[in-house]
>>> print(open('model_22.tsv').read())   # TSV, C-alpha atoms
chain	number	residue	atom	x	y	z
A	989	MET	CA	-12.44	15.26	-14.98
A	990	ASP	CA	-9.50	12.99	-15.67
A	991	HIS	CA	-7.90	11.08	-12.83
A	992	LEU	CA	-4.22	10.35	-12.35
A	993	VAL	CA	-2.43	8.10	-9.90
A	994	LEU	CA	1.00	9.47	-9.02
A	995	THR	CA	3.95	7.88	-7.31
A	996	VAL	CA	6.31	10.41	-5.78
A	997	ILE	CA	9.78	9.75	-4.33
A	998	ALA	CA	12.53	12.10	-3.21
A	999	ALA	CA	15.15	12.53	-0.54
A	1000	ASP	CA	13.23	13.57	2.57
A	1001	GLN	CA	13.17	17.28	3.34
A	1002	PRO	CA	10.64	19.84	4.56
A	1003	GLY	CA	8.37	21.21	1.83
A	1004	LEU	CA	8.21	18.21	-0.52
A	1005	VAL	CA	4.49	17.63	-0.16
A	1006	GLU	CA	3.83	21.36	-0.39
A	1007	ARG	CA	5.78	21.58	-3.66
A	1008	VAL	CA	3.76	18.72	-5.17
A	1009	ALA	CA	0.48	20.20	-3.83
A	1010	GLN	CA	1.34	23.63	-5.28
A	1011	CYS	CA	2.02	22.08	-8.69
A	1012	ILE	CA	-1.30	20.21	-8.65
A	1013	ALA	CA	-3.27	23.28	-7.53
A	1014	ALA	CA	-1.50	25.59	-10.01
A	1015	HIS	CA	-2.73	23.39	-12.86
A	1016	GLY	CA	-6.33	23.15	-11.64
A	1017	GLY	CA	-5.91	19.69	-10.14
A	1018	ASN	CA	-7.66	18.41	-7.04
A	1019	TRP	CA	-5.78	16.20	-4.53
A	1020	LEU	CA	-8.24	13.38	-3.75
A	1021	GLU	CA	-6.46	10.75	-1.68
A	1022	SER	CA	-2.94	9.74	-0.73
A	1023	ARG	CA	-0.68	7.46	1.30
A	1024	MET	CA	2.74	8.87	2.12
A	1025	SER	CA	5.64	7.97	4.35
A	1026	ARG	CA	9.28	8.64	5.16
A	1027	MET	CA	11.59	5.62	5.18
A	1028	ALA	CA	15.38	5.36	5.37
A	1029	GLY	CA	15.87	9.03	4.48
A	1030	GLN	CA	13.53	8.89	1.49
A	1031	PHE	CA	10.00	10.20	1.20
A	1032	ALA	CA	7.57	8.24	-0.94
A	1033	GLY	CA	3.91	8.56	-1.66
A	1034	ILE	CA	1.11	7.50	-3.89
A	1035	LEU	CA	-1.80	9.82	-4.59
A	1036	ARG	CA	-4.85	10.21	-6.77
A	1037	VAL	CA	-5.55	13.54	-8.46
A	1038	ALA	CA	-8.49	14.81	-10.50
A	1039	VAL	CA	-7.81	17.38	-13.21
A	1040	PRO	CA	-10.02	18.98	-15.87
A	1041	ALA	CA	-9.34	17.46	-19.29
A	1042	GLU	CA	-8.09	20.81	-20.63
A	1043	GLY	CA	-5.45	21.04	-17.85
A	1044	TYR	CA	-4.25	17.44	-18.06
A	1045	ASP	CA	-1.20	17.95	-20.30
A	1046	GLU	CA	-0.05	21.03	-18.39
A	1047	LEU	CA	-0.34	19.19	-15.06
A	1048	VAL	CA	1.66	16.24	-16.38
A	1049	GLU	CA	4.34	18.63	-17.66
A	1050	GLY	CA	4.41	20.46	-14.32
A	1051	LEU	CA	4.72	17.24	-12.34
A	1052	GLN	CA	7.54	16.01	-14.56
A	1053	GLY	CA	9.24	19.38	-14.05
A	1054	LEU	CA	9.50	18.64	-10.32
A	1055	SER	CA	12.54	16.52	-11.21
A	1056	ALA	CA	14.50	19.80	-11.24
A	1057	HIS	CA	13.91	19.79	-7.46
A	1058	GLY	CA	14.93	16.14	-7.03
A	1059	ILE	CA	11.32	14.90	-6.93
A	1060	ARG	CA	10.64	11.90	-9.16
A	1061	VAL	CA	7.03	11.47	-10.24
A	1062	MET	CA	5.62	8.45	-12.05
A	1063	LEU	CA	2.16	8.86	-13.59
A	1064	ALA	CA	-0.62	6.47	-14.51
A	1065	GLN	CA	-4.17	7.15	-15.57
A	1066	SER	CA	-6.52	5.70	-13.00
A	1067	GLY	CA	-8.63	2.82	-14.17
A	1068	ILE	CA	-12.25	2.03	-13.59
A	1069	GLU	CA	-12.93	0.44	-10.21
A	1070	PRO	CA	-14.19	-3.10	-10.78
A	1071	ALA	CA	-17.52	-4.19	-9.36
A	1072	CYS	CA	-17.14	-5.25	-5.74
A	1073	THR	CA	-16.81	-9.04	-5.83
A	1074	TRP	CA	-14.78	-9.28	-2.65
A	1075	LYS	CA	-15.00	-8.74	1.08
A	1076	PRO	CA	-12.39	-6.80	3.11
A	1077	ILE	CA	-10.56	-8.82	5.77
A	1078	LEU	CA	-7.87	-7.46	8.11
A	1079	LEU	CA	-4.74	-9.55	8.58
A	1080	ASP	CA	-2.38	-9.03	11.51
A	1081	LEU	CA	0.88	-11.00	11.66
A	1082	VAL	CA	3.72	-11.02	14.23
A	1083	GLY	CA	6.75	-13.27	14.40
A	1084	ASN	CA	10.51	-13.47	14.62
A	1085	ASP	CA	11.98	-11.68	11.64
A	1086	ARG	CA	13.48	-13.72	8.84
A	1087	PRO	CA	13.78	-13.35	5.07
A	1088	GLY	CA	10.83	-14.58	3.02
A	1089	ILE	CA	7.82	-13.95	5.29
A	1090	VAL	CA	6.18	-11.49	2.87
A	1091	ARG	CA	7.02	-13.71	-0.11
A	1092	ASP	CA	5.50	-16.81	1.48
A	1093	ILE	CA	2.32	-15.10	2.69
A	1094	THR	CA	1.72	-13.27	-0.60
A	1095	ARG	CA	2.35	-16.45	-2.60
A	1096	LEU	CA	-0.44	-18.21	-0.69
A	1097	LEU	CA	-2.76	-15.21	-1.02
A	1098	THR	CA	-2.15	-15.11	-4.78
A	1099	GLU	CA	-2.87	-18.84	-5.09
A	1100	LEU	CA	-6.21	-18.23	-3.35
A	1101	GLY	CA	-7.07	-15.24	-5.59
A	1102	VAL	CA	-6.80	-12.78	-2.69
A	1103	ASN	CA	-5.65	-9.24	-3.50
A	1104	LEU	CA	-3.75	-6.92	-1.16
A	1105	GLU	CA	-5.59	-3.62	-0.71
A	1106	SER	CA	-2.93	-2.28	1.65
A	1107	LEU	CA	0.14	-3.60	3.45
A	1108	VAL	CA	2.17	-2.03	6.26
A	1109	THR	CA	5.21	-3.85	7.65
A	1110	GLU	CA	7.91	-3.07	10.20
A	1111	VAL	CA	10.65	-4.77	12.16
A	1112	MET	CA	10.99	-3.75	15.81
A	1113	PRO	CA	12.86	-5.17	18.82
A	1114	ALA	CA	10.86	-7.60	20.96
A	1115	PRO	CA	9.95	-6.12	24.38
A	1116	MET	CA	11.93	-8.55	26.58
A	1117	SER	CA	14.63	-10.02	24.35
A	1118	SER	CA	15.20	-7.20	21.84
A	1119	GLU	CA	15.21	-9.85	19.10
A	1120	PRO	CA	13.86	-8.42	15.83
A	1121	LEU	CA	10.10	-8.98	15.46
A	1122	PHE	CA	8.38	-8.69	12.09
A	1123	HIS	CA	4.91	-7.15	12.16
A	1124	ALA	CA	2.53	-6.85	9.21
A	1125	GLU	CA	-0.94	-5.37	8.92
A	1126	ALA	CA	-2.87	-5.82	5.71
A	1127	VAL	CA	-6.29	-5.29	4.27
A	1128	LEU	CA	-7.12	-8.25	2.06
A	1129	ALA	CA	-9.68	-8.25	-0.75
A	1130	VAL	CA	-11.03	-11.78	-0.37
A	1131	PRO	CA	-13.18	-13.09	-3.24
A	1132	LEU	CA	-16.81	-13.65	-2.23
A	1133	THR	CA	-16.43	-17.20	-3.54
A	1134	LEU	CA	-13.63	-18.02	-1.05
A	1135	SER	CA	-14.80	-19.30	2.32
A	1136	LEU	CA	-13.24	-17.48	5.26
A	1137	ASP	CA	-12.80	-20.87	6.95
A	1138	VAL	CA	-10.69	-22.09	4.02
A	1139	LEU	CA	-8.63	-18.88	4.03
A	1140	GLN	CA	-8.13	-19.11	7.81
A	1141	ALA	CA	-7.09	-22.79	7.66
A	1142	LYS	CA	-4.58	-22.26	4.84
A	1143	LEU	CA	-3.09	-19.17	6.48
A	1144	GLU	CA	-2.88	-20.89	9.88
A	1145	SER	CA	-1.06	-23.84	8.31
A	1146	LEU	CA	1.46	-21.48	6.72
A	1147	ALA	CA	1.75	-19.47	9.95
A	1148	ASP	CA	2.73	-22.67	11.77
A	1149	GLU	CA	5.47	-23.32	9.17
A	1150	LEU	CA	6.71	-19.72	9.43
A	1151	MET	CA	6.38	-19.74	13.23
A	1152	VAL	CA	4.36	-16.51	13.27
A	1153	GLU	CA	1.09	-15.51	14.90
A	1154	LEU	CA	-1.56	-14.60	12.38
A	1155	ASN	CA	-5.05	-13.22	12.98
A	1156	LEU	CA	-7.86	-12.41	10.57
A	1157	HIS	CA	-10.67	-9.97	11.39
A	1158	LYS	CA	-13.64	-8.73	9.42
A	1159	GLU	CA	-13.28	-5.05	8.57
A	1160	LYS	CA	-15.69	-2.92	10.57
>>> encode(input="model_22.tsv", output="structure tokens")
Amino acid sequence: MDHLVLTVIAADQPGLVERVAQCIAAHGGNWLESRMSRMAGQFAGILRVAVPAEGYDELVEGLQGLSAHGIRVMLAQSGIEPACTWKPILLDLVGNDRPGIVRDITRLLTELGVNLESLVTEVMPAPMSSEPLFHAEAVLAVPLTLSLDVLQAKLESLADELMVELNLHKEK
């Protein structure tokens, strides 16, 4: 079996996921995992599909043909998962919204060799003041060689500068 990673984006409307799923199934593909969401009137997703080698080209052609329905699909062959040399850590961040929070946090994480496994962000009104609050939840892939104390200290220092609350938790 060959594996593909697809990115799908289209104007949101009922039936988008079904159309993609029908295309995959019609070409002998198997939908393995996905993350999908609607945002600002658009629907976007990333998914991993397995397909028999003999059906690969036909599946790719079928997925590209979805553009006739306004569905854009980007394709990449999935790579080999590297050996696990990291530990998963959950990051939770809340603070007053301002430009640059994601940039500043990810810059520090990159400097420390930490990879983002997943990131979900949103801006919502604060309960009492209705001021915009930025909230981020992430799963970090922290190298086994990086002490959690060092990571915590560096992130706390940055959190103080950004005036945000930041918590790290070991994934269960």
>>> closest_residue(input="model_22.tsv", among="A:Leu1128, A:Leu1063, A:Val1090, A:Val1082", to="A:Asn1155", atoms="all atoms listed in the file")
A:Val1082
>>> atom_distance(input="model_22.tsv", atom1="atom CA of A:Leu1100", atom2="atom CA of A:Lys1142")
9.3 Å
>>> residues_around(input="model_22.tsv", residues="A:Ser1118", least_positions_apart="6", cutoff="12 Å", atoms="all atoms listed in the file", output="JSON, numbers by chain")
{"A": [1084, 1085, 1111, 1112]}
>>> atom_distance(input="model_22.tsv", atom1="atom CA of A:Ile1012", atom2="atom CA of A:Ala1032")
16.8 Å
>>> axis_aligned_box(input="model_22.tsv", around="stretch 1038-1042 of chain A", padding_each_side="5 Å", output="AutoDock Vina command-line options")
--center_x -8.9 --center_y 17.8 --center_z -15.6 --size_x 12.2 --size_y 16.0 --size_z 20.1
>>> closest_residue(input="model_22.tsv", among="A:Val1039, A:Ile1089, A:Ala1014, A:Met989", to="A:Leu1150", atoms="all atoms listed in the file")
A:Ile1089
>>> closest_residue(input="model_22.tsv", among="A:Gly1053, A:Gly1088, A:Gly1017, A:Gly1067", to="A:Val1037", atoms="only C-alpha atoms")
A:Gly1017
>>> residues_near_point(input="model_22.tsv", point="(-8.1, 10.7, -11.5)", cutoff="10 Å", atoms="all atoms listed in the file", output="list of chain:residue names")
A:Met989, A:Asp990, A:His991, A:Leu992, A:Val993, A:Leu994, A:Gly1017, A:Asn1018, A:Trp1019, A:Leu1020, A:Glu1021, A:Leu1035, A:Arg1036, A:Val1037, A:Ala1038, A:Val1039, A:Pro1040, A:Ala1064, A:Gln1065, A:Ser1066, A:Gly1067, A:Ile1068
>>> residues_around(input="model_22.tsv", residues="A:Ile1093", least_positions_apart="4", cutoff="8 Å", atoms="all atoms listed in the file", output="ChimeraX atom specification")
/A:1089,1097,1143,1146
>>> residues_around(input="model_22.tsv", residues="A:Cys1011", least_positions_apart="5", cutoff="12 Å", atoms="all atoms listed in the file", output="PDB file with C-alpha atoms, keeping the file's coordinate frame")
ATOM      1  CA  LEU A1004       8.210  18.210  -0.520  1.00  0.00           C
ATOM      2  CA  VAL A1005       4.490  17.630  -0.160  1.00  0.00           C
ATOM      3  CA  GLU A1006       3.830  21.360  -0.390  1.00  0.00           C
ATOM      4  CA  GLY A1016      -6.330  23.150 -11.640  1.00  0.00           C
ATOM      5  CA  GLY A1017      -5.910  19.690 -10.140  1.00  0.00           C
ATOM      6  CA  ASN A1018      -7.660  18.410  -7.040  1.00  0.00           C
ATOM      7  CA  TRP A1019      -5.780  16.200  -4.530  1.00  0.00           C
ATOM      8  CA  VAL A1037      -5.550  13.540  -8.460  1.00  0.00           C
ATOM      9  CA  VAL A1039      -7.810  17.380 -13.210  1.00  0.00           C
ATOM     10  CA  GLY A1043      -5.450  21.040 -17.850  1.00  0.00           C
ATOM     11  CA  GLU A1046      -0.050  21.030 -18.390  1.00  0.00           C
ATOM     12  CA  LEU A1047      -0.340  19.190 -15.060  1.00  0.00           C
ATOM     13  CA  VAL A1048       1.660  16.240 -16.380  1.00  0.00           C
ATOM     14  CA  GLU A1049       4.340  18.630 -17.660  1.00  0.00           C
ATOM     15  CA  GLY A1050       4.410  20.460 -14.320  1.00  0.00           C
ATOM     16  CA  LEU A1051       4.720  17.240 -12.340  1.00  0.00           C
ATOM     17  CA  GLN A1052       7.540  16.010 -14.560  1.00  0.00           C
ATOM     18  CA  GLY A1053       9.240  19.380 -14.050  1.00  0.00           C
ATOM     19  CA  LEU A1054       9.500  18.640 -10.320  1.00  0.00           C
ATOM     20  CA  ILE A1059      11.320  14.900  -6.930  1.00  0.00           C
ATOM     21  CA  VAL A1061       7.030  11.470 -10.240  1.00  0.00           C
TER      22      VAL A1061
END
>>> residues_around(input="model_22.tsv", residues="A:Gln1001", least_positions_apart="5", cutoff="9 Å", atoms="all atoms listed in the file", output="list of chain:residue names")
A:Gly1029, A:Gln1030, A:Phe1031
>>> write_last_selection(input="model_22.tsv", atoms="C-alpha atoms", output="CSV table (one decimal), keeping the file's coordinate frame")
chain,number,residue,atom,x,y,z
A,1029,GLY,CA,15.9,9.0,4.5
A,1030,GLN,CA,13.5,8.9,1.5
A,1031,PHE,CA,10.0,10.2,1.2
>>> atom_distance(input="model_22.tsv", atom1="atom CA of A:Arg1060", atom2="atom CA of A:Gln1010")
15.5 Å
>>> closest_residue(input="model_22.tsv", among="A:Gly1083, A:Pro1131, A:Gly1033, A:Pro1002", to="A:Pro1113", atoms="only C-alpha atoms")
A:Gly1083
>>> build_atoms(input="model_22.tsv", residues="stretch 1057-1083 of chain A", atoms="N, CA, C and O atoms", output="tab-separated table (two decimals), in the frame of the given file")
chain	number	residue	atom	x	y	z
A	1057	HIS	N	13.79	19.64	-8.91
A	1057	HIS	CA	13.91	19.79	-7.46
A	1057	HIS	C	14.21	18.45	-6.79
A	1057	HIS	O	14.07	18.33	-5.57
A	1058	GLY	N	14.59	17.45	-7.58
A	1058	GLY	CA	14.93	16.14	-7.03
A	1058	GLY	C	13.72	15.28	-6.69
A	1058	GLY	O	13.84	14.29	-5.97
A	1059	ILE	N	12.55	15.65	-7.21
A	1059	ILE	CA	11.32	14.90	-6.93
A	1059	ILE	C	10.97	14.09	-8.18
A	1059	ILE	O	10.68	14.65	-9.23
A	1060	ARG	N	11.00	12.78	-8.04
A	1060	ARG	CA	10.64	11.90	-9.16
A	1060	ARG	C	9.16	11.57	-9.07
A	1060	ARG	O	8.67	11.19	-8.01
A	1061	VAL	N	8.47	11.73	-10.18
A	1061	VAL	CA	7.03	11.47	-10.24
A	1061	VAL	C	6.76	10.49	-11.37
A	1061	VAL	O	7.16	10.73	-12.50
A	1062	MET	N	6.09	9.39	-11.03
A	1062	MET	CA	5.62	8.45	-12.05
A	1062	MET	C	4.11	8.62	-12.14
A	1062	MET	O	3.44	8.79	-11.12
A	1063	LEU	N	3.59	8.59	-13.35
A	1063	LEU	CA	2.16	8.86	-13.59
A	1063	LEU	C	1.48	7.66	-14.24
A	1063	LEU	O	2.06	6.99	-15.08
A	1064	ALA	N	0.23	7.47	-13.85
A	1064	ALA	CA	-0.62	6.47	-14.51
A	1064	ALA	C	-2.04	6.99	-14.49
A	1064	ALA	O	-2.47	7.60	-13.51
A	1065	GLN	N	-2.76	6.78	-15.58
A	1065	GLN	CA	-4.17	7.15	-15.57
A	1065	GLN	C	-4.90	6.14	-14.71
A	1065	GLN	O	-4.62	4.94	-14.77
A	1066	SER	N	-5.80	6.63	-13.86
A	1066	SER	CA	-6.52	5.70	-13.00
A	1066	SER	C	-7.52	4.93	-13.83
A	1066	SER	O	-8.09	5.44	-14.78
A	1067	GLY	N	-7.70	3.67	-13.46
A	1067	GLY	CA	-8.63	2.82	-14.17
A	1067	GLY	C	-10.01	2.89	-13.54
A	1067	GLY	O	-10.25	3.60	-12.57
A	1068	ILE	N	-10.89	2.13	-14.10
A	1068	ILE	CA	-12.25	2.03	-13.59
A	1068	ILE	C	-12.24	1.00	-12.46
A	1068	ILE	O	-11.70	-0.09	-12.62
A	1069	GLU	N	-12.83	1.37	-11.33
A	1069	GLU	CA	-12.93	0.44	-10.21
A	1069	GLU	C	-13.82	-0.72	-10.62
A	1069	GLU	O	-14.94	-0.51	-11.11
A	1070	PRO	N	-13.34	-1.96	-10.43
A	1070	PRO	CA	-14.19	-3.10	-10.78
A	1070	PRO	C	-15.36	-3.22	-9.81
A	1070	PRO	O	-15.32	-2.70	-8.70
A	1071	ALA	N	-16.38	-3.93	-10.24
A	1071	ALA	CA	-17.52	-4.19	-9.36
A	1071	ALA	C	-17.02	-4.93	-8.13
A	1071	ALA	O	-16.08	-5.73	-8.21
A	1072	CYS	N	-17.60	-4.66	-7.00
A	1072	CYS	CA	-17.14	-5.25	-5.74
A	1072	CYS	C	-17.55	-6.73	-5.68
A	1072	CYS	O	-18.71	-7.05	-5.47
A	1073	THR	N	-16.58	-7.60	-5.90
A	1073	THR	CA	-16.81	-9.04	-5.83
A	1073	THR	C	-15.95	-9.65	-4.73
A	1073	THR	O	-15.55	-10.80	-4.81
A	1074	TRP	N	-15.64	-8.82	-3.72
A	1074	TRP	CA	-14.78	-9.28	-2.65
A	1074	TRP	C	-15.23	-8.68	-1.32
A	1074	TRP	O	-16.02	-7.75	-1.30
A	1075	LYS	N	-14.72	-9.25	-0.25
A	1075	LYS	CA	-15.00	-8.74	1.08
A	1075	LYS	C	-13.68	-8.35	1.73
A	1075	LYS	O	-12.66	-9.04	1.57
A	1076	PRO	N	-13.63	-7.23	2.47
A	1076	PRO	CA	-12.39	-6.80	3.11
A	1076	PRO	C	-12.16	-7.57	4.42
A	1076	PRO	O	-13.07	-7.71	5.24
A	1077	ILE	N	-10.96	-8.09	4.57
A	1077	ILE	CA	-10.56	-8.82	5.77
A	1077	ILE	C	-9.23	-8.24	6.24
A	1077	ILE	O	-8.32	-8.02	5.43
A	1078	LEU	N	-9.11	-7.98	7.54
A	1078	LEU	CA	-7.87	-7.46	8.11
A	1078	LEU	C	-6.99	-8.62	8.54
A	1078	LEU	O	-7.46	-9.56	9.18
A	1079	LEU	N	-5.71	-8.54	8.19
A	1079	LEU	CA	-4.74	-9.55	8.58
A	1079	LEU	C	-3.72	-8.89	9.48
A	1079	LEU	O	-3.22	-7.79	9.16
A	1080	ASP	N	-3.40	-9.52	10.58
A	1080	ASP	CA	-2.38	-9.03	11.51
A	1080	ASP	C	-1.41	-10.19	11.75
A	1080	ASP	O	-1.85	-11.30	12.09
A	1081	LEU	N	-0.12	-9.94	11.55
A	1081	LEU	CA	0.88	-11.00	11.66
A	1081	LEU	C	2.06	-10.50	12.48
A	1081	LEU	O	2.52	-9.37	12.29
A	1082	VAL	N	2.54	-11.33	13.42
A	1082	VAL	CA	3.72	-11.02	14.23
A	1082	VAL	C	4.55	-12.28	14.36
A	1082	VAL	O	4.02	-13.36	14.60
A	1083	GLY	N	5.86	-12.13	14.22
A	1083	GLY	CA	6.75	-13.27	14.40
A	1083	GLY	C	8.19	-12.85	14.35
A	1083	GLY	O	8.51	-11.70	14.02
